[in-house]
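Working notes, structure below.
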Amino acid sequence: MAEQQDPFREIRPYKDQEVAEVLNRLLYNDELISAITGYQFPNASKYLGWLLKPVVRIALAREMGDVNNVRDFQVLVAKYMEKMVARSTTKLSCSGIDQLDPDESYLFISNHRDIAMDPAFVNWVRFQYGMDTLRIAIGDNLLRKPYVSDLMRLNKSFIVNRSATAPREVMKALTQLSTYIDHSIVHDGQSIWIAQQEGRAKDGNDQTDPTILKMFYMSHRKAKRSFSEAMGRLNIVPVSISYEYDPCDALKANELYALQQDGEYEKGQFEDIESIVKGITGNKGRVHVAFGEVVRGDFETPEAMAEEIDRQIRGNYHLHSSNLIAAGCGDETSAEEQAEFNARLESVAPGAREILREMYANPVMNQRKAKAQENS
């Protein structure tokens, strides 16, 4: 009965009336309190954790005291986001946002470079322009710990079920996700962020997986809508996020090198969490968020639509000094910028250096191809 009344209960973000219960659960989650204590007091927590954890819990309870709904929680998150932007970026800019209607809901399909920061930066620039924040798609592979799931769902994230393996389970999960995305945009008037492919583009090649678009269409078959008609309901807007420096570039290059050499790469148990932390706290230099135009047109296939999304994402990608230097066209970049890029190359094993260089050069090559297609 509950599932019929709320068919998205297991995957949707938390509602305002659920916030108090979730916050109380978080305050008494020892694993979360230990993690915060270790982060705030990296040395002292090893020996005085028993003394510091109650203090951290009290401080957290005080900070959460005025949080009564999802917006209150996001305003609290915004305070930390502001500090993170100030500490880890030298400049944050955006383009195309003036073409968006603040009262309209969109499905933002974005390139994917950083697990946490891609949607966070899109959310932040919208927040700065007085626009409503987004519902964010996040894979359940990143939500193995209950407190992480709670925190993300408080922050308007919804769950993409990637752990289902049986064909019937997979079909059910994808149909539910497709229905939720359509319901969110058409009925709730809530915009959504989702990556253009599962997993980050570690080699710098931004490419839309047509499977994502097929998933969007699944819930429209019973209504006998055409693919083009179904996609038109979603107001799809391609988004290009570009980082002057990727805090995880060395990790990505070493992983790709291991795959190249050994044919396989075994991910560590907490590697995703380490990547999230590094991505949030590491130096990013300049960051640019480019919003494209709403995708319009009679696209008969997911593949045809994916090509148009790629054209916009690649064409709108803001090229930084790091990209130009890597592509061998950085004549106008400064000696300091070139030294910074060379230092990043030298931070990885010799065999991984060419991979890291290509990671930054690929957006330049892809943009050239996108421009050539436009002119042909």
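Order determines the names: the first chain of the structure tokens is A, the second B, and so forth; residues in each chain are numbered 1 upward, and ligands are numbered 1 upward as they are shown.
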
Excluding Val160 in chain A and any residue of its chain fewer than 5 positions from it, enumerate the residues within 10 Å of it, using only C-alpha atoms, and give them as a list in words.
Ile11, Arg12, Ile136, Ala137, Ile138, Gly139, Asp140, Asn141, Ala173, Leu174, Gln176, Leu177 and Ile194 of chain A

Please produce an output containing N, CA, C and O atoms for each residue in the selection, written as a short mmCIF file (atom, residue, chain, number, x, y, z; two decimals), in the first residue's frame.
data_model
loop_
_atom_site.label_atom_id
_atom_site.label_comp_id
_atom_site.auth_asym_id
_atom_site.auth_seq_id
_atom_site.Cartn_x
_atom_site.Cartn_y
_atom_site.Cartn_z
N ILE A 11 13.99 5.49 -3.63
CA ILE A 11 15.06 6.14 -4.40
C ILE A 11 15.03 7.66 -4.32
O ILE A 11 16.05 8.31 -4.59
N ARG A 12 13.92 8.25 -3.97
CA ARG A 12 13.77 9.71 -4.04
C ARG A 12 14.52 10.43 -2.91
O ARG A 12 14.86 9.81 -1.89
N ILE A 136 19.69 15.39 -7.82
CA ILE A 136 20.94 14.86 -8.37
C ILE A 136 20.92 13.33 -8.41
O ILE A 136 20.65 12.67 -7.40
N ALA A 137 21.22 12.77 -9.58
CA ALA A 137 21.30 11.32 -9.73
C ALA A 137 22.63 10.83 -9.18
O ALA A 137 23.69 11.34 -9.55
N ILE A 138 22.59 9.81 -8.30
CA ILE A 138 23.82 9.26 -7.73
C ILE A 138 23.72 7.74 -7.66
O ILE A 138 22.68 7.20 -7.25
N GLY A 139 24.76 7.05 -8.10
CA GLY A 139 24.75 5.59 -8.12
C GLY A 139 24.80 4.99 -6.73
O GLY A 139 25.47 5.52 -5.84
N ASP A 140 24.08 3.89 -6.54
CA ASP A 140 24.06 3.26 -5.21
C ASP A 140 25.41 2.65 -4.83
O ASP A 140 25.64 2.33 -3.67
N ASN A 141 26.33 2.53 -5.80
CA ASN A 141 27.68 2.04 -5.48
C ASN A 141 28.44 3.03 -4.60
O ASN A 141 29.41 2.66 -3.93
N ALA A 173 14.11 -1.60 -12.06
CA ALA A 173 14.83 -0.44 -11.52
C ALA A 173 14.94 0.67 -12.57
O ALA A 173 14.74 1.85 -12.25
N LEU A 174 15.23 0.31 -13.82
CA LEU A 174 15.37 1.31 -14.88
C LEU A 174 14.04 1.98 -15.19
O LEU A 174 13.97 3.19 -15.44
N GLN A 176 11.50 2.32 -13.10
CA GLN A 176 11.19 3.20 -11.96
C GLN A 176 11.97 4.51 -12.06
O GLN A 176 11.43 5.60 -11.84
N LEU A 177 13.26 4.41 -12.42
CA LEU A 177 14.10 5.59 -12.56
C LEU A 177 13.58 6.49 -13.69
O LEU A 177 13.49 7.72 -13.53
N ILE A 194 22.11 14.78 -14.24
CA ILE A 194 22.56 13.40 -14.42
C ILE A 194 23.78 13.41 -15.34
O ILE A 194 23.89 14.27 -16.23
#

Could you go through range 65-236 of chain A and tell me which residues DSSP, when run on the backbone, assigns to alpha helix (DSSP H), listing them as number ranges by chain?
A: 70-88, 117-128, 146-154, 167-182, 210-217, 227-233

Since we have the selection now, will you write its residues out, keeping C-alpha atoms, as a PDB file, in the first residue's frame?
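Here's the written file selection03.pdb:
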ATOM      1  CA  VAL A  70      15.397  20.394   3.044  1.00  0.00           C
ATOM      2  CA  ARG A  71      15.986  24.055   2.157  1.00  0.00           C
ATOM      3  CA  ASP A  72      17.393  24.738   5.645  1.00  0.00           C
ATOM      4  CA  PHE A  73      19.782  21.811   5.178  1.00  0.00           C
ATOM      5  CA  GLN A  74      20.883  23.087   1.772  1.00  0.00           C
ATOM      6  CA  VAL A  75      21.477  26.590   3.150  1.00  0.00           C
ATOM      7  CA  LEU A  76      23.748  24.949   5.747  1.00  0.00           C
ATOM      8  CA  VAL A  77      25.550  23.013   2.983  1.00  0.00           C
ATOM      9  CA  ALA A  78      25.922  26.289   1.038  1.00  0.00           C
ATOM     10  CA  LYS A  79      28.042  27.752   3.860  1.00  0.00           C
ATOM     11  CA  TYR A  80      30.544  24.919   3.485  1.00  0.00           C
ATOM     12  CA  MET A  81      30.341  25.060  -0.313  1.00  0.00           C
ATOM     13  CA  GLU A  82      31.279  28.748  -0.212  1.00  0.00           C
ATOM     14  CA  LYS A  83      34.396  27.953   1.838  1.00  0.00           C
ATOM     15  CA  MET A  84      35.321  25.074  -0.475  1.00  0.00           C
ATOM     16  CA  VAL A  85      35.004  27.276  -3.589  1.00  0.00           C
ATOM     17  CA  ALA A  86      37.188  29.962  -1.960  1.00  0.00           C
ATOM     18  CA  ARG A  87      39.878  27.481  -0.880  1.00  0.00           C
ATOM     19  CA  SER A  88      40.094  25.142  -3.871  1.00  0.00           C
ATOM     20  CA  MET A 117      31.847  18.429  -7.547  1.00  0.00           C
ATOM     21  CA  ASP A 118      30.231  18.233 -11.009  1.00  0.00           C
ATOM     22  CA  PRO A 119      26.643  18.477  -9.711  1.00  0.00           C
ATOM     23  CA  ALA A 120      27.774  20.645  -6.783  1.00  0.00           C
ATOM     24  CA  PHE A 121      29.133  23.360  -9.103  1.00  0.00           C
ATOM     25  CA  VAL A 122      25.990  23.271 -11.281  1.00  0.00           C
ATOM     26  CA  ASN A 123      23.895  23.592  -8.115  1.00  0.00           C
ATOM     27  CA  TRP A 124      26.095  26.381  -6.740  1.00  0.00           C
ATOM     28  CA  VAL A 125      25.879  28.631  -9.799  1.00  0.00           C
ATOM     29  CA  ARG A 126      22.095  28.168  -9.937  1.00  0.00           C
ATOM     30  CA  PHE A 127      21.913  29.002  -6.220  1.00  0.00           C
ATOM     31  CA  GLN A 128      23.947  32.173  -6.853  1.00  0.00           C
ATOM     32  CA  PRO A 146      23.776   4.339   5.429  1.00  0.00           C
ATOM     33  CA  TYR A 147      24.894   7.730   6.749  1.00  0.00           C
ATOM     34  CA  VAL A 148      26.292   8.694   3.314  1.00  0.00           C
ATOM     35  CA  SER A 149      22.944   7.768   1.747  1.00  0.00           C
ATOM     36  CA  ASP A 150      21.095   9.836   4.360  1.00  0.00           C
ATOM     37  CA  LEU A 151      23.306  12.890   3.807  1.00  0.00           C
ATOM     38  CA  MET A 152      22.973  12.709   0.019  1.00  0.00           C
ATOM     39  CA  ARG A 153      19.193  12.245   0.079  1.00  0.00           C
ATOM     40  CA  LEU A 154      18.852  15.197   2.468  1.00  0.00           C
ATOM     41  CA  PRO A 167      17.295  -9.044 -15.803  1.00  0.00           C
ATOM     42  CA  ARG A 168      13.856  -8.566 -14.236  1.00  0.00           C
ATOM     43  CA  GLU A 169      15.313  -6.507 -11.358  1.00  0.00           C
ATOM     44  CA  VAL A 170      17.329  -4.377 -13.759  1.00  0.00           C
ATOM     45  CA  MET A 171      14.262  -3.707 -15.927  1.00  0.00           C
ATOM     46  CA  LYS A 172      12.160  -2.792 -12.887  1.00  0.00           C
ATOM     47  CA  ALA A 173      14.835  -0.440 -11.520  1.00  0.00           C
ATOM     48  CA  LEU A 174      15.370   1.308 -14.876  1.00  0.00           C
ATOM     49  CA  THR A 175      11.632   1.753 -15.465  1.00  0.00           C
ATOM     50  CA  GLN A 176      11.194   3.196 -11.963  1.00  0.00           C
ATOM     51  CA  LEU A 177      14.096   5.592 -12.560  1.00  0.00           C
ATOM     52  CA  SER A 178      12.702   6.649 -15.960  1.00  0.00           C
ATOM     53  CA  THR A 179       9.270   7.259 -14.430  1.00  0.00           C
ATOM     54  CA  TYR A 180      10.764   9.251 -11.546  1.00  0.00           C
ATOM     55  CA  ILE A 181      12.786  11.542 -13.844  1.00  0.00           C
ATOM     56  CA  ASP A 182       9.734  12.300 -15.991  1.00  0.00           C
ATOM     57  CA  PRO A 210      22.840   6.364 -25.713  1.00  0.00           C
ATOM     58  CA  THR A 211      21.809   3.805 -23.052  1.00  0.00           C
ATOM     59  CA  ILE A 212      21.087   6.731 -20.711  1.00  0.00           C
ATOM     60  CA  LEU A 213      18.664   8.172 -23.274  1.00  0.00           C
ATOM     61  CA  LYS A 214      17.061   4.748 -23.780  1.00  0.00           C
ATOM     62  CA  MET A 215      16.460   4.638 -20.019  1.00  0.00           C
ATOM     63  CA  PHE A 216      14.687   8.021 -20.147  1.00  0.00           C
ATOM     64  CA  TYR A 217      12.346   6.587 -22.796  1.00  0.00           C
ATOM     65  CA  PHE A 227      11.144   8.838 -28.682  1.00  0.00           C
ATOM     66  CA  SER A 228      11.302  12.435 -29.907  1.00  0.00           C
ATOM     67  CA  GLU A 229       8.041  13.368 -28.141  1.00  0.00           C
ATOM     68  CA  ALA A 230       9.171  11.785 -24.863  1.00  0.00           C
ATOM     69  CA  MET A 231      12.516  13.594 -24.909  1.00  0.00           C
ATOM     70  CA  GLY A 232      10.786  16.896 -25.704  1.00  0.00           C
ATOM     71  CA  ARG A 233       8.903  16.682 -22.375  1.00  0.00           C
TER      72      ARG A 233
END

From the list A:Asn68, A:Asp30, A:Ala195, A:Gln312, which residue is nearest Val56 in chain A when using only C-alpha atoms?
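Using only C-alpha atoms, Val56 in chain A sits closest to A:Asp30.
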
Using CA of Arg9 in chain A and CA of His187 in chain A as the two end points, give the distance in Å to one decimal.
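Going from CA of Arg9 in chain A over to CA of His187 in chain A, I get 16.3 Å.
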
Quick one: distance from CA of Tyr47 in chain A to CA of Ala35 in chain A in Å, one decimal?
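Taking CA of Tyr47 in chain A and CA of Ala35 in chain A, their separation equals 14.5 Å.
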
Would you give me, as a PyMOL selection string, the residues in range 198-293 of chain A that DSSP reads as strand (DSSP E)?
chain A and resi 236-243+285-291

Store the residues picked out above in a file with C-alpha atoms, as a PDB file, in the first residue's frame.
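So part.pdb came out as:
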ATOM      1  CA  ILE A 236      17.189  18.415 -21.972  1.00  0.00           C
ATOM      2  CA  VAL A 237      20.056  20.892 -21.562  1.00  0.00           C
ATOM      3  CA  PRO A 238      23.679  19.733 -22.118  1.00  0.00           C
ATOM      4  CA  VAL A 239      26.173  21.067 -19.553  1.00  0.00           C
ATOM      5  CA  SER A 240      29.971  21.290 -19.884  1.00  0.00           C
ATOM      6  CA  ILE A 241      32.018  21.498 -16.687  1.00  0.00           C
ATOM      7  CA  SER A 242      35.721  22.182 -17.099  1.00  0.00           C
ATOM      8  CA  TYR A 243      38.446  22.220 -14.461  1.00  0.00           C
ATOM      9  CA  GLY A 285      42.361  26.313 -10.429  1.00  0.00           C
ATOM     10  CA  ARG A 286      39.756  27.947 -12.658  1.00  0.00           C
ATOM     11  CA  VAL A 287      36.403  26.189 -13.064  1.00  0.00           C
ATOM     12  CA  HIS A 288      33.786  26.983 -15.703  1.00  0.00           C
ATOM     13  CA  VAL A 289      30.189  25.727 -16.013  1.00  0.00           C
ATOM     14  CA  ALA A 290      28.687  26.163 -19.506  1.00  0.00           C
ATOM     15  CA  PHE A 291      24.956  25.622 -20.009  1.00  0.00           C
TER      16      PHE A 291
END

Measuring between only C-alpha atoms, which one of A:Thr165, A:Ser347, A:Asn111, A:Ser275 shows the shortest distance to Pro363 in chain A?
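For Pro363 in chain A, the nearest of the candidates is A:Asn111.
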